[in-house]
Amino acid sequence: MRRVVITGQGAFCALGASAGETGAAMREGRCGIGELDFADVERLSIRIGAQIRGYDPEAHFPKQALTLYDPFTQYALIAAREALAGSGLEITEELGEEAGVVLGTAGGGLQTQDENYRDVFERGKNRVHPFVVPRLMMNAAASHVSMAHGLRGPAFSVATACASSNHAMGQALGLIRSGQARVVLTGGSDSMLCFGGIKAWEGLRVMSKDGCRPFSASRNGMVQGEGAAVFVFEEYEHARARGAEILAEVAGFSMTSDASDIVTPNQHGAERAIRGALRDAGLAPEAVGYVNAHGTGTTVNDRTECAAIRAVFGAHADRLMVSSTKSMHGHIMGGTGAVEMLACVMALREGVIAPTIGYDAPDPDCDLDVVPNEARAARVGAVMSNAFAFGGLNAVLALRAV
Amino acid sequence: MSGEVKDTVRDKVVAILAEQAVLEPGEVRMDSTLADLGIDSLGLVETVFAIEEAFDIQVPFNANDPKASEFDISTVETMVRAVEKLIDANR
């Protein structure tokens, strides 16, 4: 079977405007969560989030192009540009036909929808901008990344709520393994920090008003973030032949469905996904040193996830480091698995384990080494990244050092 | 709060719970628990929403830890009392 490696990475989120900046923030345990700033925020009961600050779209894109880009597309384009530049790949006519894009998103162009609903319903306008549809469609980001870089092979978007990015990266892995592509730009992006986006989440009553504290006894819900991360997945021999710097090997992937409840997570579905990724990667549980948890900061997710990790890893669970970086960048929904993959690559390459910040009180239901509050130096040879979505859709990736 | 208003509050809360549980209002007893009525966590979130809409109040309730919320959901009775208090506080 063809092996798949990561040869480039890019990011844009509340922690930083690049993969390097975001990684540095994770090392420092910096929190990107703050007061939300957008129209009508005073009508919300949830007023915090990991919002991108000081962003000037016109510094990144021509004004004309921006009429076509919802923020979720802008973030994906910025991250993809960085990832591709870092990989050193040149997308020639020939390679372009074997290069694809698979991006996760949960909300697509939600800000575009929000603004235009305001126009027609609140302001009574009878006309909207002609590009509303191409801006808001879920595949807009994948299509624009494809167009920007001449990637003419398989391109599509994946929407599995909070697991979208992990499902997307799993599909990218499959495309290269099966020979349908040599190079795939993959990851995810979301930008739901607008009135309608938060108002909808408020309704479910699972959001925290004061902070994201995964695994802490004091945790009281999730906090939303926004942003994107994109990686260059490349066939191993292709990367080697051109002397590319290899950041990590994408060793295994598994997806399962709980088939039980539309919002409550299920331990067995999570367990099966973690086991499946280990099996696919040919890794013994003892070989894994770090798990980037889904760790949303809700009571039920964190408890269920810890139980699933214990069930899979047995005694090794006590030697495993398990952190949730959502405590820093918030829950980026369809983009979250991709931003969290940065922490996995950092663990393998730099020997730095990103912390779970905001940790202030142990919970007996989450009695794992959650790397509380401060990053830790540790050498690990294999890592995993969990994502468990609403709808009971689980996707777990395993990475290995090369 | 007058006796009549109180009856209305109780009847409305019972009606909301009955609808959520797919029962006749007569089958909802004041000492019933949510489990007795077969209302799960998602049903509870919907119930809280329906109560907020019906009485134009804000119910302090976090699905992460329903028991820690100020809104006492132990029985139908405690929920009715909690709604009455919120309505009073709103006056």
# chains A, B, ... in the order shown; residues from 1 in each chain; ligands from 1
call {"tool": "closest_atom_pairs", "arguments": {"of": "chain A", "to": "chain B", "cutoff": "9 Å", "atoms": "only C-alpha atoms", "output": "CSV"}}
result
residue,atom,partner,partner_atom,distance
A:Gly203,CA,B:Phe49,CA,7.6
A:Leu204,CA,B:Val45,CA,6.6
A:Arg205,CA,B:Asn62,CA,5.3
A:Val206,CA,B:Ala63,CA,5.6
A:Met207,CA,B:Asn62,CA,8.0
A:Ser208,CA,B:Asn62,CA,8.5
A:Arg219,CA,B:Asn64,CA,8.6
A:Asn220,CA,B:Asn64,CA,5.9
A:Gly221,CA,B:Asn64,CA,6.2
A:Val263,CA,B:Leu42,CA,8.2
A:Thr264,CA,B:Leu42,CA,8.9
A:Thr298,CA,B:Asn64,CA,6.0
A:Thr299,CA,B:Asn64,CA,5.4
A:Val300,CA,B:Asn64,CA,7.2
call {"tool": "select_by_dssp", "arguments": {"residues": "stretch 90-239 of chain A", "states": "alpha helix (DSSP H)", "output": "ChimeraX atom specification"}}
result
/A:93-96,110-117,132-136,140-149,164-177,195-204,236-239
call {"tool": "select_by_dssp", "arguments": {"residues": "stretch 95-130 of chain A", "states": "strand (DSSP E)", "output": "VMD selection string"}}
result
chain A and resid 99 to 104
call {"tool": "write_last_selection", "arguments": {"atoms": "N, CA and C atoms", "output": "compact mmCIF listing (two decimals), in the first residue's frame"}}
result
# COMPACT_ATOMS: atom_id res chain seq x y z
N ALA A 99 -3.55 16.08 -8.29
CA ALA A 99 -3.59 16.79 -7.00
C ALA A 99 -5.03 17.18 -6.68
N GLY A 100 -5.43 16.99 -5.44
CA GLY A 100 -6.81 17.26 -5.05
C GLY A 100 -6.94 18.11 -3.81
N VAL A 101 -8.18 18.33 -3.40
CA VAL A 101 -8.51 19.12 -2.22
C VAL A 101 -9.67 18.44 -1.49
N VAL A 102 -9.51 18.19 -0.21
CA VAL A 102 -10.63 17.69 0.59
C VAL A 102 -10.68 18.49 1.88
N LEU A 103 -11.70 19.32 2.03
CA LEU A 103 -11.79 20.20 3.20
C LEU A 103 -13.08 19.95 3.98
N GLY A 104 -12.94 19.96 5.28
CA GLY A 104 -14.10 19.84 6.14
C GLY A 104 -14.68 21.20 6.48
call {"tool": "atom_distance", "arguments": {"atom1": "atom CA of A:Gln171", "atom2": "atom CA of A:Val383"}}
result
18.8 Å
call {"tool": "atom_distance", "arguments": {"atom1": "atom CA of A:Phe390", "atom2": "atom CA of A:Ala161"}}
result
6.3 Å
call {"tool": "residues_around", "arguments": {"residues": "stretch 50-54 of chain B", "least_positions_apart": "5", "cutoff": "7 Å", "atoms": "only C-alpha atoms", "output": "list in words"}}
result
Val13, Ile16 and Val59 of chain B
call {"tool": "residues_around", "arguments": {"residues": "B:Val28", "least_positions_apart": "5", "cutoff": "12 Å", "atoms": "only C-alpha atoms", "output": "MDAnalysis selection string"}}
result
chainID B and resid 10:23 33:39 75:77
call {"tool": "write_last_selection", "arguments": {"atoms": "C-alpha atoms", "output": "compact mmCIF listing (two decimals), in the first residue's frame"}}
result
# COMPACT_ATOMS: atom_id res chain seq x y z
CA ARG B 10 -49.43 25.03 36.41
CA ASP B 11 -51.75 24.10 33.57
CA LYS B 12 -49.43 25.59 30.98
CA VAL B 13 -46.34 23.83 32.38
CA VAL B 14 -48.25 20.56 32.54
CA ALA B 15 -49.45 21.05 28.97
CA ILE B 16 -45.87 21.68 27.78
CA LEU B 17 -44.58 18.58 29.57
CA ALA B 18 -47.49 16.48 28.32
CA GLU B 19 -46.84 17.51 24.75
CA GLN B 20 -43.15 16.71 25.10
CA ALA B 21 -43.93 13.32 26.66
CA VAL B 22 -46.74 12.55 24.19
CA LEU B 23 -49.20 12.09 27.07
CA THR B 33 -40.20 13.14 37.52
CA LEU B 34 -38.84 13.70 34.02
CA ALA B 35 -37.80 10.04 33.97
CA ASP B 36 -41.38 9.03 34.88
CA LEU B 37 -42.60 11.04 31.92
CA GLY B 38 -39.95 9.58 29.61
CA ILE B 39 -38.41 12.99 28.87
CA THR B 75 -40.49 16.96 39.69
CA VAL B 76 -43.33 18.66 37.85
CA GLU B 77 -44.15 20.44 41.11
call {"tool": "decode", "arguments": {"residues": "stretch 209-309 of chain A", "atoms": "C-alpha atoms", "output": "tab-separated table (two decimals), in the first residue's frame"}}
result
chain	number	residue	atom	x	y	z
A	209	LYS	CA	-20.43	31.56	29.50
A	210	ASP	CA	-17.04	31.79	31.18
A	211	GLY	CA	-14.45	29.53	29.54
A	212	CYS	CA	-13.44	26.21	28.05
A	213	ARG	CA	-11.98	23.93	30.73
A	214	PRO	CA	-11.77	20.43	29.28
A	215	PHE	CA	-11.44	17.59	31.81
A	216	SER	CA	-11.73	19.96	34.81
A	217	ALA	CA	-14.38	19.24	37.41
A	218	SER	CA	-15.38	22.89	36.93
A	219	ARG	CA	-16.06	22.56	33.20
A	220	ASN	CA	-19.44	23.83	32.11
A	221	GLY	CA	-19.55	23.62	28.35
A	222	MET	CA	-17.87	24.37	25.10
A	223	VAL	CA	-16.64	27.65	23.61
A	224	GLN	CA	-16.72	28.24	19.90
A	225	GLY	CA	-13.74	29.33	17.82
A	226	GLU	CA	-13.10	30.06	14.16
A	227	GLY	CA	-10.35	29.49	11.65
A	228	ALA	CA	-8.72	26.92	9.42
A	229	ALA	CA	-5.78	24.62	9.03
A	230	VAL	CA	-4.66	22.94	5.82
A	231	PHE	CA	-2.02	20.26	5.26
A	232	VAL	CA	-0.26	18.92	2.22
A	233	PHE	CA	-0.72	15.16	2.18
A	234	GLU	CA	1.67	13.57	-0.29
A	235	GLU	CA	2.50	10.09	-1.46
A	236	TYR	CA	5.69	9.05	0.38
A	237	GLU	CA	7.84	8.07	-2.62
A	238	HIS	CA	6.85	11.26	-4.43
A	239	ALA	CA	7.90	13.31	-1.42
A	240	ARG	CA	11.18	11.42	-1.06
A	241	ALA	CA	12.03	11.65	-4.73
A	242	ARG	CA	11.87	15.44	-4.60
A	243	GLY	CA	13.76	15.62	-1.29
A	244	ALA	CA	10.84	17.17	0.57
A	245	GLU	CA	10.94	17.77	4.28
A	246	ILE	CA	8.56	15.22	5.80
A	247	LEU	CA	6.69	16.49	8.86
A	248	ALA	CA	4.97	13.20	9.78
A	249	GLU	CA	3.44	10.09	8.32
A	250	VAL	CA	-0.33	9.77	8.25
A	251	ALA	CA	-0.30	6.18	9.41
A	252	GLY	CA	-3.91	5.26	10.00
A	253	PHE	CA	-7.52	6.34	10.02
A	254	SER	CA	-10.83	4.95	11.12
A	255	MET	CA	-14.41	6.14	11.17
A	256	THR	CA	-17.42	4.71	12.94
A	257	SER	CA	-21.01	5.70	13.60
A	258	ASP	CA	-22.66	5.35	17.01
A	259	ALA	CA	-26.06	4.83	15.42
A	260	SER	CA	-27.57	5.73	18.77
A	261	ASP	CA	-28.22	9.39	19.60
A	262	ILE	CA	-28.13	12.63	17.60
A	263	VAL	CA	-26.23	14.59	20.28
A	264	THR	CA	-25.11	12.35	23.15
A	265	PRO	CA	-21.74	10.67	22.52
A	266	ASN	CA	-21.37	6.93	22.81
A	267	GLN	CA	-18.31	5.32	24.37
A	268	HIS	CA	-18.38	2.25	22.15
A	269	GLY	CA	-18.48	4.23	18.92
A	270	ALA	CA	-15.47	6.24	20.12
A	271	GLU	CA	-13.61	3.12	21.21
A	272	ARG	CA	-14.18	1.37	17.92
A	273	ALA	CA	-12.83	4.38	16.02
A	274	ILE	CA	-9.67	4.61	18.16
A	275	ARG	CA	-9.06	0.86	17.86
A	276	GLY	CA	-9.69	0.97	14.13
A	277	ALA	CA	-7.13	3.73	13.60
A	278	LEU	CA	-4.51	1.80	15.58
A	279	ARG	CA	-5.20	-1.32	13.53
A	280	ASP	CA	-5.09	0.60	10.25
A	281	ALA	CA	-1.75	2.12	11.25
A	282	GLY	CA	-0.37	-1.21	12.45
A	283	LEU	CA	0.40	0.42	15.81
A	284	ALA	CA	0.32	-1.29	19.19
A	285	PRO	CA	-1.52	0.84	21.77
A	286	GLU	CA	1.74	1.06	23.78
A	287	ALA	CA	3.44	2.78	20.83
A	288	VAL	CA	1.19	5.85	21.17
A	289	GLY	CA	2.56	8.64	23.35
A	290	TYR	CA	0.02	11.40	22.88
A	291	VAL	CA	-3.66	11.72	22.06
A	292	ASN	CA	-5.09	15.05	20.99
A	293	ALA	CA	-8.53	14.65	22.51
A	294	HIS	CA	-11.83	15.83	21.16
A	295	GLY	CA	-12.14	17.34	24.68
A	296	THR	CA	-14.95	19.82	24.13
A	297	GLY	CA	-15.34	20.81	27.78
A	298	THR	CA	-18.88	19.47	28.08
A	299	THR	CA	-19.57	17.16	30.99
A	300	VAL	CA	-20.61	14.25	28.84
A	301	ASN	CA	-18.02	14.37	26.04
A	302	ASP	CA	-15.00	14.52	28.31
A	303	ARG	CA	-16.22	11.77	30.62
A	304	THR	CA	-17.16	9.48	27.72
A	305	GLU	CA	-13.92	10.16	25.85
A	306	CYS	CA	-11.77	9.35	28.90
A	307	ALA	CA	-13.67	6.10	29.42
A	308	ALA	CA	-13.14	5.18	25.76
A	309	ILE	CA	-9.40	5.92	25.99
